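Here the structure comes first, spelled out in structure tokens, and everything after it is commentary.
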Amino acid sequence: MKTLLVLSVACTLVVLSVSGTAEQKLKNCNEVRAAYSSKGFNVNDVPNKGINGAPLKVCPQGFSCCTVEMEEKLSQQSHTDVKAPVSRLSTNLQSTFKQKHDHFDKFFRELLKNAELSLHSMFVRTYGMMYVQNAELFKNFFEALTRYYVSGSAAVNLESMLSDFWAELLERMFRLVNVQYEFSDAYMECVSRHTEQLQPFGDVPRKLRIQLTRAFVAARTFVRGLALMPEVVNKVSTVSASPSCVRAVMKMMYCPYCSGQVALKPCQNYCLNVMRGCLANQADLDTEWNNFLDAMLSLAERLEGPFNFESVMDPIDVKISEAIMNMQENSMQVSQKVFQGCGQPKPSTAFRSARSVKETGFTGRFRPYSPDARPTTAAGTSLDRLTNDVKKKLKHAKKFWSTLPETVCAGERIAPGDECWNGTAKSRYESVVIGNGLANQVSNPDVDVDITKPDILIRSQIAVLKEMTSWLKAAHSGHDISVDIDEDSSGGEESGSGCDSPSCDTDRDIYFSTPPNPVKPRVNQVGSSPSAGVALQGSMAAALCGLALALLAPHLR
């Protein structure tokens, strides 16, 4: 009995001591005045000593250093405070992927430009006017590839463009190897219609079509994905905090001021519940965000392997050269098939029966492309280096939205253990930490969240991410299903390789290179005899070699 009496007296003394200390602090609100004015508010808003807190709407209503006017101003400050860390994290993410987008876009554009400039300069230097007279064919080819990269099928149907390129190349070569004949436009249309059946360029057009389609679809879709990320982050980060969120943040961060405990920080679990309530809608973005990032990572693997844009564009001149050589080897057979299918053409009255090969000025040999000699090209880097770097950033960005509360409620923003603010006093926070997302907020003890009213802007961004993910998955299989805003209903047919995922990994034969011992262009000496047979054979060989050598110029010594 005596022991209980002693304990009772001791407890009473402790309570009185603590109460006396708190009351002593509230008799002087100087610390609160200093902290309040440091936020940019008028120090005169703070009473000199504690007053009756009954009128307060958010903070505890006991003896207090706070007034209703202070609560209102601190609520405004809380709105800024809750946005600041989220804004900073979002800005960092935006900056990272804006930079990655610019690097990839610049790289792909420079690869295209470098391929065109290299081919042009070498052809002009090596063969002069004969190439210049036919240069617009290749100029138009690269311009069309660039337009497709920039605008997709809204601007260029890639498959049709490639078919037209080979048809026009056949038409020019066919005229040159048959200079002894006159061809009307209608006749040449007949020749063009049979390009696929004639296969004058061998299997090169088919293989190059598959390569270009896969590489360009993958490249432009990946770049669009990189461009989308900063846009989504920017829009989501602008979502305003709800009044109930602002109220909860104000209570968590500034109600300790009212009891004179300006240095007291919130308990971690308390902070987590408040921020999960405030960021409930953002957390619902996480699932589709992670799906999108997974699709980006998968497409990045394609860019490193079978859909490598760099390995397609670097040797593209060699691949076209191989096609030209195929035409050279089969020119007689091709011409005979055309004459059978389109009719015998009329002889040309202006045809000259002989031509010296010396006019070509060719004394070199064909140099095959070697993958080992591939230089570091656009933007001073390589696709492999760019892809390795961006994959690390994409992996790091996963679960960005669902982990925002943990990121915010860390470090100096919270107090560890039980020496923390739990919303009413300096003590342990007893409530259970609720889960992320809107649906879980029905049981949030600190933030009132209407789970029946999801944020419209965030829901729209979920839809945007879902659509982009479908484009990325299609590009992973070599298909372009994206529809640009400016595309009308009649354009933009899907173009793709028809590649299923497993075969894309193993179909390496598509990346053909020049054989170790390539077939050299034939250079037949032509005499001056006016006979029809000699004129036919000599003019065909000379004219065809002239065009072939012009197109092979980058590899002539």
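A note on labels: chains of the structure tokens are A, B, ... as shown, every chain counts residues from 1, and ligands are counted from 1 in their shown order.
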
Within 12 Å of Val58 of chain A using only C-alpha atoms, minus same-chain residues under 6 positions, as a PyMOL selection string: chain A and resi 66-72+74-75+244+246-256+258+423-424+446

Considering only C-alpha atoms, return as a ChimeraX atom specification whatever protein or nucleic-acid residues lie within 10 Å of segment 181-190 of chain A, sequence-local ones (same chain, fewer than 2 positions apart) excluded. /A:167-168,170-172,174-179,192-195,338-339,341-351,536

Across A:Ser477, A:Ser78, A:Gln180, A:Ser259, the smallest distance to Gly50 of chain A, with only C-alpha atoms counted, is shown by A:Ser259

With DSSP run on the backbone, what are the strand (DSSP E or B) residues within segment 138-300 of chain A? I'd like them as a VMD selection string. chain A and resid 181 to 182 266 to 267

Find the residue from A:Leu457, A:Leu472, A:Leu212, A:Ile51 that sits nearest to Ser298 of chain A; use only C-alpha atoms when measuring. A:Leu472

8 Å contact set for segment 264-273 of chain A, only C-alpha atoms, chain neighbours under 2 positions out, as a PyMOL selection string: chain A and resi 252-253+256+261-262+275-277+405-406+409-410+413-423+426+428-429+431-434+444-447

Out of A:Leu386, A:Leu112, A:Val239, A:Val32, which residue has the shortest atom-to-atom distance to Leu279 of chain A when counting only C-alpha atoms?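 Residue with the minimum atom-to-atom distance to Leu279 of chain A: A:Val239.
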
If we count only C-alpha atoms and set the cut-off at 12 Å, which residues sit around Ala439 of chain A, ignoring sequence neighbours fewer than 4 positions away in its own chain? Please answer as a PyMOL selection string. chain A and resi 276-277+280-281+283-284+434-435+443-444+449-454

Surrounding residues of Phe142 of chain A excluding itself and chain neighbours under 3 positions, 12 Å, only C-alpha atoms, as a PyMOL selection string: chain A and resi 109-120+135-139+145-149+156+158+161-162+165+212+313+316-317

Could you save the residues just selected, with C-alpha atoms, as a PDB file, in the first residue's frame?
```pdb
ATOM      1  CA  ARG A 109      19.468  12.294 -87.347  1.00  0.00           C
ATOM      2  CA  GLU A 110      23.238  12.626 -87.670  1.00  0.00           C
ATOM      3  CA  LEU A 111      23.556   8.989 -88.731  1.00  0.00           C
ATOM      4  CA  LEU A 112      21.132   9.660 -91.562  1.00  0.00           C
ATOM      5  CA  LYS A 113      22.874  12.862 -92.594  1.00  0.00           C
ATOM      6  CA  ASN A 114      26.360  11.355 -92.358  1.00  0.00           C
ATOM      7  CA  ALA A 115      25.353   8.408 -94.538  1.00  0.00           C
ATOM      8  CA  GLU A 116      24.001  10.755 -97.207  1.00  0.00           C
ATOM      9  CA  LEU A 117      26.935  13.186 -97.126  1.00  0.00           C
ATOM     10  CA  SER A 118      29.529  10.425 -97.188  1.00  0.00           C
ATOM     11  CA  LEU A 119      27.932   8.720-100.175  1.00  0.00           C
ATOM     12  CA  HIS A 120      27.532  12.000-102.049  1.00  0.00           C
ATOM     13  CA  ALA A 135      22.338  12.128-107.543  1.00  0.00           C
ATOM     14  CA  GLU A 136      18.740  13.211-106.968  1.00  0.00           C
ATOM     15  CA  LEU A 137      17.650   9.559-106.790  1.00  0.00           C
ATOM     16  CA  PHE A 138      19.745   9.032-103.660  1.00  0.00           C
ATOM     17  CA  LYS A 139      19.018  12.499-102.310  1.00  0.00           C
ATOM     18  CA  LEU A 145      13.995   8.109 -94.791  1.00  0.00           C
ATOM     19  CA  THR A 146      14.409  11.274 -92.717  1.00  0.00           C
ATOM     20  CA  ARG A 147      10.749  12.216 -93.150  1.00  0.00           C
ATOM     21  CA  TYR A 148       9.713   8.754 -92.027  1.00  0.00           C
ATOM     22  CA  TYR A 149      11.942   8.976 -88.964  1.00  0.00           C
ATOM     23  CA  VAL A 156       5.966   8.300 -95.764  1.00  0.00           C
ATOM     24  CA  LEU A 158       8.165   3.121 -95.964  1.00  0.00           C
ATOM     25  CA  MET A 161       8.909   4.380-100.832  1.00  0.00           C
ATOM     26  CA  LEU A 162      11.453   1.552-101.013  1.00  0.00           C
ATOM     27  CA  PHE A 165      13.283   3.609-105.162  1.00  0.00           C
ATOM     28  CA  LEU A 212      15.199  -0.588 -92.587  1.00  0.00           C
ATOM     29  CA  MET A 313      22.766   2.840 -91.859  1.00  0.00           C
ATOM     30  CA  ILE A 316      23.777   0.936 -96.569  1.00  0.00           C
ATOM     31  CA  ASP A 317      25.868   2.074 -99.548  1.00  0.00           C
TER      32      ASP A 317
END
```

So, with only C-alpha atoms as the atoms that count, which of A:Met173, A:Val334, A:Leu438, A:Val233 lies closest to Thr96 of chain A?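 That would be A:Val233, the residue with the smallest distance to Thr96 of chain A.
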